[in-house]
$ cat data35.cif   # mmCIF, C-alpha atoms
data_upload
loop_
_atom_site.label_atom_id
_atom_site.label_comp_id
_atom_site.auth_asym_id
_atom_site.auth_seq_id
_atom_site.Cartn_x
_atom_site.Cartn_y
_atom_site.Cartn_z
CA MET A 28 15.43 -12.79 -5.57
CA ARG A 29 14.31 -15.95 -3.91
CA LYS A 30 10.86 -17.03 -2.89
CA ASN A 31 10.09 -19.94 -0.61
CA GLN A 32 7.70 -22.08 -2.65
CA ASN A 33 7.02 -24.64 0.10
CA THR A 34 4.78 -22.55 2.30
CA LYS A 35 1.64 -20.60 1.50
CA LYS A 36 1.84 -16.83 1.79
CA ARG A 37 -0.38 -15.23 4.45
CA ASP A 38 -2.00 -11.79 4.20
CA GLU A 39 0.08 -10.04 6.88
CA ARG A 40 3.53 -9.05 5.60
CA TYR A 41 6.61 -7.78 7.41
CA VAL A 42 9.99 -6.56 6.16
CA LEU A 43 13.44 -7.24 7.58
CA LEU A 44 16.59 -5.44 6.51
CA VAL A 45 19.56 -7.81 6.57
CA LYS A 46 23.19 -6.70 6.29
CA PHE A 47 26.09 -9.03 5.60
CA GLU A 48 29.70 -8.94 6.78
CA ASN A 49 32.22 -7.04 4.71
CA ASN A 50 34.62 -9.03 2.54
CA LYS A 51 37.69 -8.41 4.72
CA LYS A 52 36.11 -9.76 7.91
CA PHE A 53 34.52 -12.59 5.96
CA ASP A 54 37.90 -13.67 4.55
CA ASN A 55 39.07 -14.32 8.11
CA HIS A 56 36.46 -17.07 8.36
CA GLU A 57 38.18 -18.93 5.49
CA PHE A 58 35.27 -18.59 3.07
CA LYS A 59 37.32 -16.78 0.44
CA GLU A 60 35.66 -18.64 -2.44
CA ASN A 61 32.21 -17.43 -1.36
CA TYR A 62 31.08 -13.82 -1.05
CA PRO A 63 29.38 -12.84 2.24
CA GLU A 64 26.17 -11.79 0.46
CA ILE A 65 25.86 -15.22 -1.18
CA ARG A 66 26.62 -17.08 2.04
CA GLY A 67 24.31 -14.73 3.98
CA GLN A 68 21.39 -15.43 1.65
CA GLN A 69 22.04 -19.15 2.07
CA GLU A 70 21.97 -18.74 5.86
CA LEU A 71 18.75 -16.72 5.65
CA LYS A 72 17.06 -19.28 3.42
CA LYS A 73 18.09 -22.22 5.62
CA VAL A 74 16.73 -20.69 8.84
CA LEU A 75 13.51 -19.33 7.31
CA GLU A 76 12.74 -22.62 5.57
CA ALA A 77 13.35 -24.50 8.83
CA MET A 78 10.86 -22.16 10.51
CA GLY A 79 8.29 -22.90 7.78
CA VAL A 80 7.55 -19.26 6.99
CA TRP A 81 6.79 -17.68 3.62
CA PHE A 82 9.58 -15.28 2.58
CA TYR A 83 10.89 -13.33 -0.39
CA ILE A 84 14.49 -12.07 -0.50
CA MET A 85 14.98 -8.83 -2.45
CA GLU A 86 18.41 -7.58 -3.39
CA SER A 87 19.10 -3.88 -2.92
CA GLU A 88 21.37 -1.28 -4.51
CA PHE A 89 23.99 -2.27 -1.95
CA TYR A 90 25.72 -5.64 -2.45
CA HIS A 91 25.90 -6.28 1.31
CA THR A 92 22.21 -5.56 2.06
CA VAL A 93 18.92 -7.30 1.25
CA THR A 94 15.36 -6.88 2.42
CA VAL A 95 13.26 -9.90 3.27
CA GLU A 96 9.49 -9.83 3.02
CA LEU A 97 7.87 -12.45 5.24
CA ASP A 98 4.57 -13.46 6.80
CA THR A 99 5.80 -14.11 10.35
CA GLU A 100 6.34 -11.65 13.18
CA PRO A 101 9.89 -10.32 12.81
CA LEU A 102 10.68 -10.88 16.49
CA GLU A 103 10.18 -14.64 16.08
CA VAL A 104 12.69 -14.62 13.23
CA ILE A 105 15.20 -12.46 15.12
CA LYS A 106 14.97 -14.73 18.18
CA GLN A 107 15.68 -17.72 15.94
CA PHE A 108 18.74 -15.98 14.44
CA GLN A 109 19.97 -15.05 17.95
CA GLN A 110 20.09 -18.78 18.69
CA THR A 111 21.54 -19.78 15.30
CA PRO A 112 25.26 -19.40 14.61
CA THR A 113 25.97 -17.56 11.34
CA VAL A 114 29.16 -16.26 9.76
CA ALA A 115 27.89 -13.95 7.03
CA ILE A 116 24.94 -12.15 8.67
CA LYS A 117 25.99 -8.95 10.43
CA SER A 118 22.61 -7.47 11.45
CA ILE A 119 18.84 -7.87 11.08
CA VAL A 120 16.50 -4.93 11.58
CA PRO A 121 12.67 -5.19 11.47
CA LEU A 122 11.41 -2.25 9.39
CA ASP A 123 8.17 -0.52 10.35
CA SER A 124 8.00 1.63 7.23
CA VAL A 125 9.75 2.53 4.00
CA VAL A 126 9.42 6.18 2.97
CA PRO A 127 10.76 8.62 0.37
CA SER A 128 14.07 10.22 1.28
CA SER A 129 12.85 13.77 1.87
CA THR A 130 13.47 15.03 5.38
CA ASP A 131 9.84 16.11 5.84
CA ASP A 132 8.47 12.66 4.87
CA LEU A 133 10.99 10.94 7.10
CA ILE A 134 10.26 13.08 10.17
CA ALA A 135 6.47 12.91 9.64
CA ASN A 136 6.52 9.11 9.42
CA ILE A 137 8.84 8.71 12.40
CA THR A 138 6.62 11.02 14.47
CA LYS A 139 3.51 9.04 13.53
CA LEU A 140 5.12 5.67 14.32
CA ALA A 141 6.66 6.94 17.57
CA SER A 142 3.30 8.28 18.75
CA LEU A 143 1.85 4.77 18.34
CA LYS A 144 4.73 2.86 19.95
CA ILE A 145 6.49 5.00 22.55
CA ASN A 146 4.88 6.11 25.83
CA THR A 147 5.79 9.52 27.25
CA GLU A 148 7.57 7.96 30.26
CA GLU A 149 9.89 6.00 27.93
CA SER A 150 13.12 7.15 26.31
CA PHE A 151 14.45 6.88 22.76
CA THR A 152 17.59 7.37 20.72
CA VAL A 153 18.08 7.90 16.97
CA ARG A 154 20.60 5.93 14.92
CA LEU A 155 21.55 6.07 11.26
CA GLY A 156 22.06 2.49 10.13
CA SER A 157 24.51 3.11 7.31
CA ASN A 158 27.31 5.48 6.39
CA GLY A 159 26.31 8.97 7.42
CA GLU A 160 27.40 10.37 4.07
CA LYS A 161 24.41 8.70 2.44
CA PHE A 162 22.06 10.93 4.41
CA GLU A 163 23.73 14.18 3.38
CA GLY A 164 22.05 14.02 -0.04
CA MET A 165 18.56 14.25 1.42
CA SER A 166 16.73 17.49 0.82
CA GLY A 167 17.14 19.76 3.80
CA VAL A 168 19.93 17.72 5.41
CA LYS A 169 23.36 19.29 5.66
CA SER A 170 24.79 16.68 8.00
CA PRO A 171 23.70 13.38 9.61
CA ASP A 172 23.93 15.04 13.04
CA LYS A 173 21.41 17.68 11.99
CA LEU A 174 19.04 14.94 10.83
CA THR A 175 19.20 13.04 14.13
CA HIS A 176 18.93 16.32 16.07
CA GLY A 177 15.89 17.40 14.02
CA ILE A 178 14.12 14.09 14.62
CA SER A 179 14.97 14.15 18.34
CA ARG A 180 13.76 17.74 18.72
CA GLU A 181 10.48 16.95 16.92
CA LEU A 182 9.80 13.94 19.16
CA CYS A 183 10.78 15.73 22.39
CA ASP A 184 8.86 18.91 21.61
CA GLY A 185 5.94 17.46 19.67
CA LEU A 186 5.32 14.23 21.60
CA SER A 187 6.97 15.06 24.94
CA LEU A 188 9.26 12.04 24.66
CA GLN A 189 12.61 11.71 26.44
CA TYR A 190 15.90 11.41 24.52
CA HIS A 191 18.64 9.20 26.03
CA ASP A 192 21.58 8.07 23.96
CA GLU A 193 22.45 5.18 26.30
CA ASN A 194 20.26 2.77 28.27
CA THR A 195 17.27 3.80 26.20
CA ASP A 196 13.88 2.10 25.98
CA TRP A 197 13.52 2.48 22.19
CA VAL A 198 15.84 2.74 19.19
CA ILE A 199 14.69 4.70 16.16
CA GLN A 200 16.88 3.40 13.36
CA ILE A 201 16.97 4.86 9.86
CA GLU A 202 18.38 2.64 7.12
CA GLU A 203 19.61 3.62 3.65
CA LEU A 204 17.65 1.80 0.91
CA GLY A 205 18.73 3.80 -2.11
CA GLU A 206 16.06 6.33 -3.07
CA ASP A 207 14.00 5.43 0.01
CA LYS A 208 14.75 5.10 3.71
CA GLY A 209 13.68 2.32 6.05
CA ILE A 210 12.39 3.24 9.51
CA ALA A 211 12.57 0.87 12.48
CA ILE A 212 11.29 1.74 15.95
CA CYS A 213 12.29 -1.15 18.20
CA ARG A 214 13.34 -2.13 21.67
CA PRO A 215 17.15 -2.53 21.73
CA ASP A 216 16.89 -6.35 21.95
CA GLU A 217 14.61 -6.47 18.88
CA ILE A 218 17.52 -5.60 16.57
CA LEU A 219 20.03 -8.36 15.88
CA MET A 220 23.65 -7.22 15.84
CA LYS A 221 26.31 -9.93 15.58
#

$ encode --input "data35.cif" --output "structure tokens"
Amino acid sequence: MRKNQNTKKRDERYVLLVKFENNKKFDNHEFKENYPEIRGQQELKKVLEAMGVWFYIMESEFYHTVTVELDTEPLEVIKQFQQTPTVAIKSIVPLDSVVPSSTDDLIANITKLASLKINTEESFTVRLGSNGEKFEGMSGVKSPDKLTHGISRELCDGLSLQYHDENTDWVIQIEELGEDKGIAICRPDEILMK
């Protein structure tokens, strides 16, 4: 856990989910003496300090994933990382919400967020941001496909939204955070994938 001591924390807080490269791909960059999660946190810290934002890096149950609490709009940070070369950072996702892992809580929160963000003339897709097996343990979920289908059906039927898997206006991304799940509802260019 690292906190930037140089800047004063503001009231508004945002959360980013950051994933690092796996060890095999990272070894190809000749950084064998340094793990990707260590190098990734160094890259995060360097960019965020240069931006002058308050941030707090929190390790997760997964060695290759951290969450970053910050006081600056996530899109500003993602734009900065799009322009900054990195070797250890694989993806950055701005989370809208973190909820318990039950299917009902997840669908209810996604429906609420989608009703605030997505217009009926816009399309969406649903993505699971980690290994699908992780989602099979959720109550009421027998397979990841059934989870994405259930969410899609709820949004199409309940909110009259349009589902498109490709060339979509919005991405609803669900991320594994251990006992909880992170929800991100973003435009495709608001998620950093390297």

$ resolve_selection --input "data35.cif" --expression "the PyMOL selection byres ((chain A and resi 185) around 12)" --output "PDB file with C-alpha atoms, in the frame of the given file"
ATOM      1  CA  ILE A 134      10.260  13.080  10.170  1.00  0.00           C
ATOM      2  CA  ALA A 135       6.470  12.910   9.640  1.00  0.00           C
ATOM      3  CA  ILE A 137       8.840   8.710  12.400  1.00  0.00           C
ATOM      4  CA  THR A 138       6.620  11.020  14.470  1.00  0.00           C
ATOM      5  CA  LYS A 139       3.510   9.040  13.530  1.00  0.00           C
ATOM      6  CA  ALA A 141       6.660   6.940  17.570  1.00  0.00           C
ATOM      7  CA  SER A 142       3.300   8.280  18.750  1.00  0.00           C
ATOM      8  CA  THR A 147       5.790   9.520  27.250  1.00  0.00           C
ATOM      9  CA  GLY A 177      15.890  17.400  14.020  1.00  0.00           C
ATOM     10  CA  ILE A 178      14.120  14.090  14.620  1.00  0.00           C
ATOM     11  CA  SER A 179      14.970  14.150  18.340  1.00  0.00           C
ATOM     12  CA  ARG A 180      13.760  17.740  18.720  1.00  0.00           C
ATOM     13  CA  GLU A 181      10.480  16.950  16.920  1.00  0.00           C
ATOM     14  CA  LEU A 182       9.800  13.940  19.160  1.00  0.00           C
ATOM     15  CA  CYS A 183      10.780  15.730  22.390  1.00  0.00           C
ATOM     16  CA  ASP A 184       8.860  18.910  21.610  1.00  0.00           C
ATOM     17  CA  LEU A 186       5.320  14.230  21.600  1.00  0.00           C
ATOM     18  CA  SER A 187       6.970  15.060  24.940  1.00  0.00           C
ATOM     19  CA  LEU A 188       9.260  12.040  24.660  1.00  0.00           C
ATOM     20  CA  GLN A 189      12.610  11.710  26.440  1.00  0.00           C
TER      21      GLN A 189
END

$ resolve_selection --input "data35.cif" --expression "the PyMOL selection byres ((chain A and resi 108-120) around 10)" --output "NGL selection string"
:A and (42-50 or 52-53 or 56 or 58 or 62-71 or 74-75 or 91-95 or 101-107 or 121-123 or 156 or 200-202 or 209-213 or 217-221)

$ closest_residue --input "data35.cif" --among "A:Glu76, A:Thr195, A:Tyr190, A:Arg154" --to "A:Thr175" --atoms "all atoms listed in the file"
A:Arg154

$ closest_residue --input "data35.cif" --among "A:Asp131, A:Glu86, A:Asp196, A:Glu39" --to "A:Arg214" --atoms "all atoms listed in the file"
A:Asp196

$ atom_distance --input "data35.cif" --atom1 "atom CA of A:Phe82" --atom2 "atom CA of A:Leu97"
4.2 Å

$ atom_distance --input "data35.cif" --atom1 "atom CA of A:Leu140" --atom2 "atom CA of A:Glu203"
18.1 Å

$ resolve_selection --input "data35.cif" --expression "the PyMOL selection byres ((chain A and resi 207) around 10)" --output "PyMOL selection string"
chain A and resi 125-129+133+202-206+208-210

$ write_last_selection --input "data35.cif" --atoms "C-alpha atoms" --output "tab-separated table (two decimals), in the coordinates of the input"
chain	number	residue	atom	x	y	z
A	125	VAL	CA	9.75	2.53	4.00
A	126	VAL	CA	9.42	6.18	2.97
A	127	PRO	CA	10.76	8.62	0.37
A	128	SER	CA	14.07	10.22	1.28
A	129	SER	CA	12.85	13.77	1.87
A	133	LEU	CA	10.99	10.94	7.10
A	202	GLU	CA	18.38	2.64	7.12
A	203	GLU	CA	19.61	3.62	3.65
A	204	LEU	CA	17.65	1.80	0.91
A	205	GLY	CA	18.73	3.80	-2.11
A	206	GLU	CA	16.06	6.33	-3.07
A	208	LYS	CA	14.75	5.10	3.71
A	209	GLY	CA	13.68	2.32	6.05
A	210	ILE	CA	12.39	3.24	9.51

$ decode --input "data35.cif" --residues "stretch 207-221 of chain A" --atoms "all heavy atoms" --output "JSON list (two decimals), in the first residue's frame"
[["chain", "number", "residue", "atom", "x", "y", "z"],
["A", 207, "ASP", "N", -15.74, -9.49, -3.59],
["A", 207, "ASP", "CA", -16.57, -8.50, -4.26],
["A", 207, "ASP", "C", -16.27, -8.48, -5.75],
["A", 207, "ASP", "O", -15.30, -9.05, -6.22],
["A", 207, "ASP", "CB", -16.32, -7.10, -3.69],
["A", 207, "ASP", "CG", -16.76, -6.99, -2.23],
["A", 207, "ASP", "OD1", -17.74, -7.65, -1.85],
["A", 207, "ASP", "OD2", -16.11, -6.24, -1.49],
["A", 208, "LYS", "N", -17.13, -7.77, -6.49],
["A", 208, "LYS", "CA", -16.92, -7.57, -7.92],
["A", 208, "LYS", "C", -16.91, -6.08, -8.20],
["A", 208, "LYS", "O", -17.65, -5.31, -7.59],
["A", 208, "LYS", "CB", -18.07, -8.21, -8.73],
["A", 208, "LYS", "CG", -18.25, -9.70, -8.50],
["A", 208, "LYS", "CD", -17.11, -10.50, -9.08],
["A", 208, "LYS", "CE", -17.32, -11.98, -8.93],
["A", 208, "LYS", "NZ", -16.82, -12.53, -7.69],
["A", 209, "GLY", "N", -16.05, -5.67, -9.13],
["A", 209, "GLY", "CA", -16.01, -4.29, -9.57],
["A", 209, "GLY", "C", -16.83, -4.15, -10.84],
["A", 209, "GLY", "O", -16.80, -5.02, -11.71],
["A", 210, "ILE", "N", -17.59, -3.05, -10.94],
["A", 210, "ILE", "CA", -18.41, -2.79, -12.12],
["A", 210, "ILE", "C", -17.89, -1.52, -12.78],
["A", 210, "ILE", "O", -17.72, -0.49, -12.12],
["A", 210, "ILE", "CB", -19.89, -2.56, -11.74],
["A", 210, "ILE", "CG1", -20.46, -3.79, -11.04],
["A", 210, "ILE", "CG2", -20.71, -2.21, -12.97],
["A", 210, "ILE", "CD1", -21.83, -3.55, -10.41],
["A", 211, "ALA", "N", -17.68, -1.60, -14.08],
["A", 211, "ALA", "CA", -17.29, -0.43, -14.87],
["A", 211, "ALA", "C", -18.25, -0.33, -16.05],
["A", 211, "ALA", "O", -18.47, -1.31, -16.76],
["A", 211, "ALA", "CB", -15.86, -0.56, -15.36],
["A", 212, "ILE", "N", -18.83, 0.84, -16.24],
["A", 212, "ILE", "CA", -19.65, 1.10, -17.43],
["A", 212, "ILE", "C", -19.01, 2.27, -18.13],
["A", 212, "ILE", "O", -19.06, 3.40, -17.66],
["A", 212, "ILE", "CB", -21.13, 1.38, -17.06],
["A", 212, "ILE", "CG1", -21.71, 0.17, -16.33],
["A", 212, "ILE", "CG2", -21.93, 1.71, -18.32],
["A", 212, "ILE", "CD1", -23.17, 0.32, -15.93],
["A", 213, "CYS", "N", -18.33, 1.97, -19.25],
["A", 213, "CYS", "CA", -17.48, 2.96, -19.91],
["A", 213, "CYS", "C", -17.66, 2.93, -21.42],
["A", 213, "CYS", "O", -18.07, 1.92, -21.99],
["A", 213, "CYS", "CB", -16.00, 2.63, -19.65],
["A", 213, "CYS", "SG", -15.57, 2.41, -17.95],
["A", 214, "ARG", "N", -17.27, 4.01, -22.05],
["A", 214, "ARG", "CA", -17.09, 4.01, -23.50],
["A", 214, "ARG", "C", -15.87, 3.13, -23.79],
["A", 214, "ARG", "O", -14.97, 3.03, -22.95],
["A", 214, "ARG", "CB", -16.84, 5.43, -24.02],
["A", 214, "ARG", "CG", -17.96, 6.40, -23.70],
["A", 214, "ARG", "CD", -19.06, 6.28, -24.68],
["A", 214, "ARG", "NE", -20.08, 7.30, -24.46],
["A", 214, "ARG", "CZ", -21.23, 7.34, -25.10],
["A", 214, "ARG", "NH1", -21.50, 6.40, -26.00],
["A", 214, "ARG", "NH2", -22.10, 8.28, -24.85],
["A", 215, "PRO", "N", -15.80, 2.48, -24.94],
["A", 215, "PRO", "CA", -14.66, 1.60, -25.22],
["A", 215, "PRO", "C", -13.29, 2.28, -25.09],
["A", 215, "PRO", "O", -12.34, 1.66, -24.63],
["A", 215, "PRO", "CB", -14.91, 1.14, -26.66],
["A", 215, "PRO", "CG", -16.40, 1.20, -26.81],
["A", 215, "PRO", "CD", -16.83, 2.40, -25.99],
["A", 216, "ASP", "N", -13.19, 3.57, -25.42],
["A", 216, "ASP", "CA", -11.88, 4.25, -25.34],
["A", 216, "ASP", "C", -11.56, 4.74, -23.94],
["A", 216, "ASP", "O", -10.51, 5.30, -23.70],
["A", 216, "ASP", "CB", -11.82, 5.41, -26.33],
["A", 216, "ASP", "CG", -12.85, 6.50, -26.04],
["A", 216, "ASP", "OD1", -13.78, 6.27, -25.23],
["A", 216, "ASP", "OD2", -12.71, 7.59, -26.63],
["A", 217, "GLU", "N", -12.45, 4.50, -22.96],
["A", 217, "GLU", "CA", -12.21, 4.89, -21.58],
["A", 217, "GLU", "C", -11.55, 3.78, -20.77],
["A", 217, "GLU", "O", -11.30, 3.94, -19.58],
["A", 217, "GLU", "CB", -13.52, 5.33, -20.92],
["A", 217, "GLU", "CG", -14.13, 6.56, -21.53],
["A", 217, "GLU", "CD", -15.50, 6.90, -20.99],
["A", 217, "GLU", "OE1", -16.10, 6.08, -20.27],
["A", 217, "GLU", "OE2", -15.98, 8.00, -21.30],
["A", 218, "ILE", "N", -11.31, 2.63, -21.40],
["A", 218, "ILE", "CA", -10.62, 1.51, -20.77],
["A", 218, "ILE", "C", -9.27, 1.39, -21.47],
["A", 218, "ILE", "O", -9.20, 1.32, -22.69],
["A", 218, "ILE", "CB", -11.42, 0.20, -20.90],
["A", 218, "ILE", "CG1", -12.75, 0.33, -20.16],
["A", 218, "ILE", "CG2", -10.61, -0.98, -20.39],
["A", 218, "ILE", "CD1", -13.67, -0.86, -20.35],
["A", 219, "LEU", "N", -8.20, 1.37, -20.69],
["A", 219, "LEU", "CA", -6.87, 1.25, -21.27],
["A", 219, "LEU", "C", -6.48, -0.22, -21.36],
["A", 219, "LEU", "O", -6.47, -0.93, -20.36],
["A", 219, "LEU", "CB", -5.85, 1.99, -20.40],
["A", 219, "LEU", "CG", -4.40, 1.85, -20.85],
["A", 219, "LEU", "CD1", -4.17, 2.60, -22.15],
["A", 219, "LEU", "CD2", -3.45, 2.36, -19.78],
["A", 220, "MET", "N", -6.20, -0.67, -22.57],
["A", 220, "MET", "CA", -5.72, -2.03, -22.81],
["A", 220, "MET", "C", -4.44, -1.91, -23.60],
["A", 220, "MET", "O", -4.44, -1.33, -24.69],
["A", 220, "MET", "CB", -6.73, -2.85, -23.60],
["A", 220, "MET", "CG", -8.10, -2.95, -22.97],
["A", 220, "MET", "SD", -8.13, -3.80, -21.40],
["A", 220, "MET", "CE", -8.11, -5.48, -21.94],
["A", 221, "LYS", "N", -3.33, -2.40, -23.06],
["A", 221, "LYS", "CA", -2.04, -2.29, -23.76],
["A", 221, "LYS", "C", -1.66, -3.64, -24.32],
["A", 221, "LYS", "O", -2.10, -4.66, -23.92],
["A", 221, "LYS", "CB", -0.97, -1.79, -22.81],
["A", 221, "LYS", "CG", -1.19, -0.32, -22.47],
["A", 221, "LYS", "CD", 0.04, 0.24, -21.84],
["A", 221, "LYS", "CE", -0.12, 1.75, -21.69],
["A", 221, "LYS", "NZ", 1.11, 2.43, -21.53]]
